[in-house]
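Q: This is the structure, below, for whatever I ask next.
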Amino acid sequence: MKDRDSERFIDIDNALKELEHSIAELTDVDTSELREKVQGLREDLYRGISRWEQIEIARSFARPGTQDFIEGIFSDFMEVHGDRAYGEDPAIIGGLAILDNIPVVVIGHKKHSKNKRDYIHHNYGMAMPAGHRKAIRLMKLAEKFAKPVITFVDTPGAYPGPEAESQGQAFSIAQCISSVASIKTPVISCIIGEAGSGGALAIGFGDRIIMLEHAFYSAISPEGYSSIIFEDTSNRKKAADVLKGTGSDLLAAGIVDYLIPEPTGGAHNSPQLVIEATSKVIRYCLKELLSIDTDMLLKKRAEKIESLLPKV
């Protein structure tokens, strides 16, 4: 059940969007003052929004997904299917692509097909072991041919069903994390939406971590945290505050390297602008990482991992 405050927040935002569209359709009338007032109201609405409200934005269907970022940043994308062991997992999309004449390997979560609400077909972006093995297969391919890896993270978590557990879900996540940590080529990870639990951790680390402003990255979802600690999901807003997984939280904590600002209302209100901004940061990071020799790259990555571990 949705939180009533969140419902009111979304209803107000939708009403202001409709008002903006209505004003834009007016002809032979100077609407500049009206547009400024509505824009001011929307900016006031989003100023100082809660962490839970940012999660609501991160989960929006209209938000650009991995496929949109691939189409907007890379050229000649050639998708690779299957894990060469069990089968194809539609929750993970990956393949070879070109970025400014540089061949790269791209991997990401896929929650739904473009302009379709076929969440069930893609398991809401929650990968099975076959998806993690597909990601590992692509990382090995990248390492073999010395090509950089770029990942896009947007998932509530790994698929939790019994069939996933019987196929070795935990082990496949561990293998994926190990591959990201040890691969002998640059890795750039982009957190573009909801990034929860082991499913996000599987491909959510890199030599550089980029995060969108209203994305949310945490070891467990607020609902999951609330269910464990409070035995129901009613305290999910409190859980979101405890988890501190927003872009600004993680940038301040030194976990994220670059934060991509989002337009008022979220990335879905100006997806091309956000994709272009992300593209610029990816290009900057890639140029920087390609200038570092492999031994130094691995040394710096190990130091980065060590800095994230809790001090005992």
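Note on naming: chains are A, B, ... as they come in the structure tokens, residues start from 1 per chain, ligands start from 1 in the order shown.
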Using DSSP secondary structure from the backbone, list all strand (DSSP E or B) positions within stretch 89-132 of chain A, as a ChimeraX atom specification.

A: /A:92-99,102-109

Q: Can you pull out every residue within 6 Å of stretch 186-191 of chain A, counting only C-alpha atoms, but drop anything in the same chain fewer than 2 positions away, and send it as a PyMOL selection string?

A: chain A and resi 148-153+204-211

Q: Could you jot down the atom CA of A:Arg301 to atom CA of A:Ala142 separation for me, Å, one decimal place?

A: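 These atoms are spaced 17.1 Å apart.
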
Q: Take atom CA of A:Gly198 and atom CA of A:Ala164 and report the distance between them in Å, one decimal.

A: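 These atoms are spaced 13.0 Å apart.
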
Q: At a cut-off of 12 Å, using only C-alpha atoms, what residues contact A:Ser113? Leave out same-chain residues fewer than 3 positions from it and give the result as a ChimeraX atom specification.

A: /A:61-62,64-68,90-93,109-110,116-125

Q: What is the atom CA of A:Ser178-atom CA of A:Lys134 distance in Å, reported with one decimal?

A: 14.2 Å

Q: Compile the contact shell of stretch 32-45 of chain A as a list in words: residues with an atom at most 10 Å away, counting only C-alpha atoms, same-chain residues fewer than 3 positions apart removed.

A: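 In the requested format, the answer is Phe9, Ile12, Asp13, Leu16, Lys17, Leu19, Glu20, His21, Ile23, Ala24, Val29, Gly48, Ile49, Pro263, Thr264 and Gly265 of chain A.
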
Q: Find the residues around stretch 272-281 of chain A up to 8 Å (only C-alpha atoms counted), leave out those fewer than 4 positions away in its own chain, and share them as a list of chain:residue names.

A: A:Phe69, A:Gly72, A:Ile73, A:Ile210, A:Tyr258, A:Ile260, A:Pro261, A:Glu262, A:Pro263, A:Ala267, A:Cys285

Q: Could you dump the residues just selected with N, CA and C atoms as a short mmCIF file (atom, residue, chain, number, x, y, z; two decimals), in the first residue's frame?

A:
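Once everything was written out, this is part20.cif:
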data_model
loop_
_atom_site.label_atom_id
_atom_site.label_comp_id
_atom_site.auth_asym_id
_atom_site.auth_seq_id
_atom_site.Cartn_x
_atom_site.Cartn_y
_atom_site.Cartn_z
N PHE A 69 19.86 5.00 -21.62
CA PHE A 69 21.24 5.47 -21.48
C PHE A 69 22.14 4.85 -22.55
N GLY A 72 21.37 6.58 -25.79
CA GLY A 72 21.73 7.99 -25.80
C GLY A 72 23.22 8.28 -25.69
N ILE A 73 24.00 7.28 -25.27
CA ILE A 73 25.44 7.52 -25.03
C ILE A 73 26.33 6.77 -26.02
N ILE A 210 29.29 6.77 -10.45
CA ILE A 210 28.50 7.94 -10.80
C ILE A 210 27.07 7.68 -10.34
N TYR A 258 30.89 11.01 -8.37
CA TYR A 258 30.27 12.11 -9.10
C TYR A 258 28.76 12.03 -8.97
N ILE A 260 25.16 13.44 -10.52
CA ILE A 260 24.53 14.09 -11.67
C ILE A 260 23.25 14.79 -11.22
N PRO A 261 23.18 16.11 -11.31
CA PRO A 261 21.95 16.83 -10.92
C PRO A 261 20.79 16.42 -11.82
N GLU A 262 19.59 16.41 -11.25
CA GLU A 262 18.38 16.11 -12.01
C GLU A 262 17.51 17.36 -12.09
N PRO A 263 16.74 17.49 -13.17
CA PRO A 263 15.84 18.64 -13.28
C PRO A 263 14.74 18.57 -12.23
N ALA A 267 14.60 12.92 -13.25
CA ALA A 267 15.24 12.71 -14.56
C ALA A 267 14.23 12.55 -15.68
N CYS A 285 35.63 10.26 -16.95
CA CYS A 285 36.18 9.17 -16.12
C CYS A 285 36.94 8.16 -16.97
#

Q: Between A:His81, A:Ile192, A:Pro156, A:Asp249, which has the minimum distance to A:Leu138 (counting only C-alpha atoms)?

A: A:His81

Q: Using DSSP on the backbone coordinates, identify all residues within stretch 26-135 of chain A classified as alpha helix (DSSP H); present the result as JSON, numbers by chain.

A: {"A": [32, 33, 34, 35, 36, 37, 38, 39, 40, 41, 42, 43, 44, 45, 46, 51, 52, 53, 54, 55, 56, 57, 58, 66, 67, 68, 69, 70, 71, 72, 73, 129, 130, 131, 132, 133, 134, 135]}

Q: Identify, on the basis of only C-alpha atoms, every residue whose closest approach to A:Val104 does not exceed 10 Å; exclude the query and any residue fewer than 2 positions from it along the same chain; express the result as a list of chain:residue names.

A: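 In the requested format, the answer is A:Phe74, A:Phe77, A:Gly95, A:Leu96, A:Ala97, A:Ile98, A:Leu99, A:Asp100, A:Asn101, A:Ile102, A:Val106, A:Ala142, A:Phe145, A:Ala146, A:Lys147, A:Pro148, A:Val149, A:Ile150, A:Pro186.
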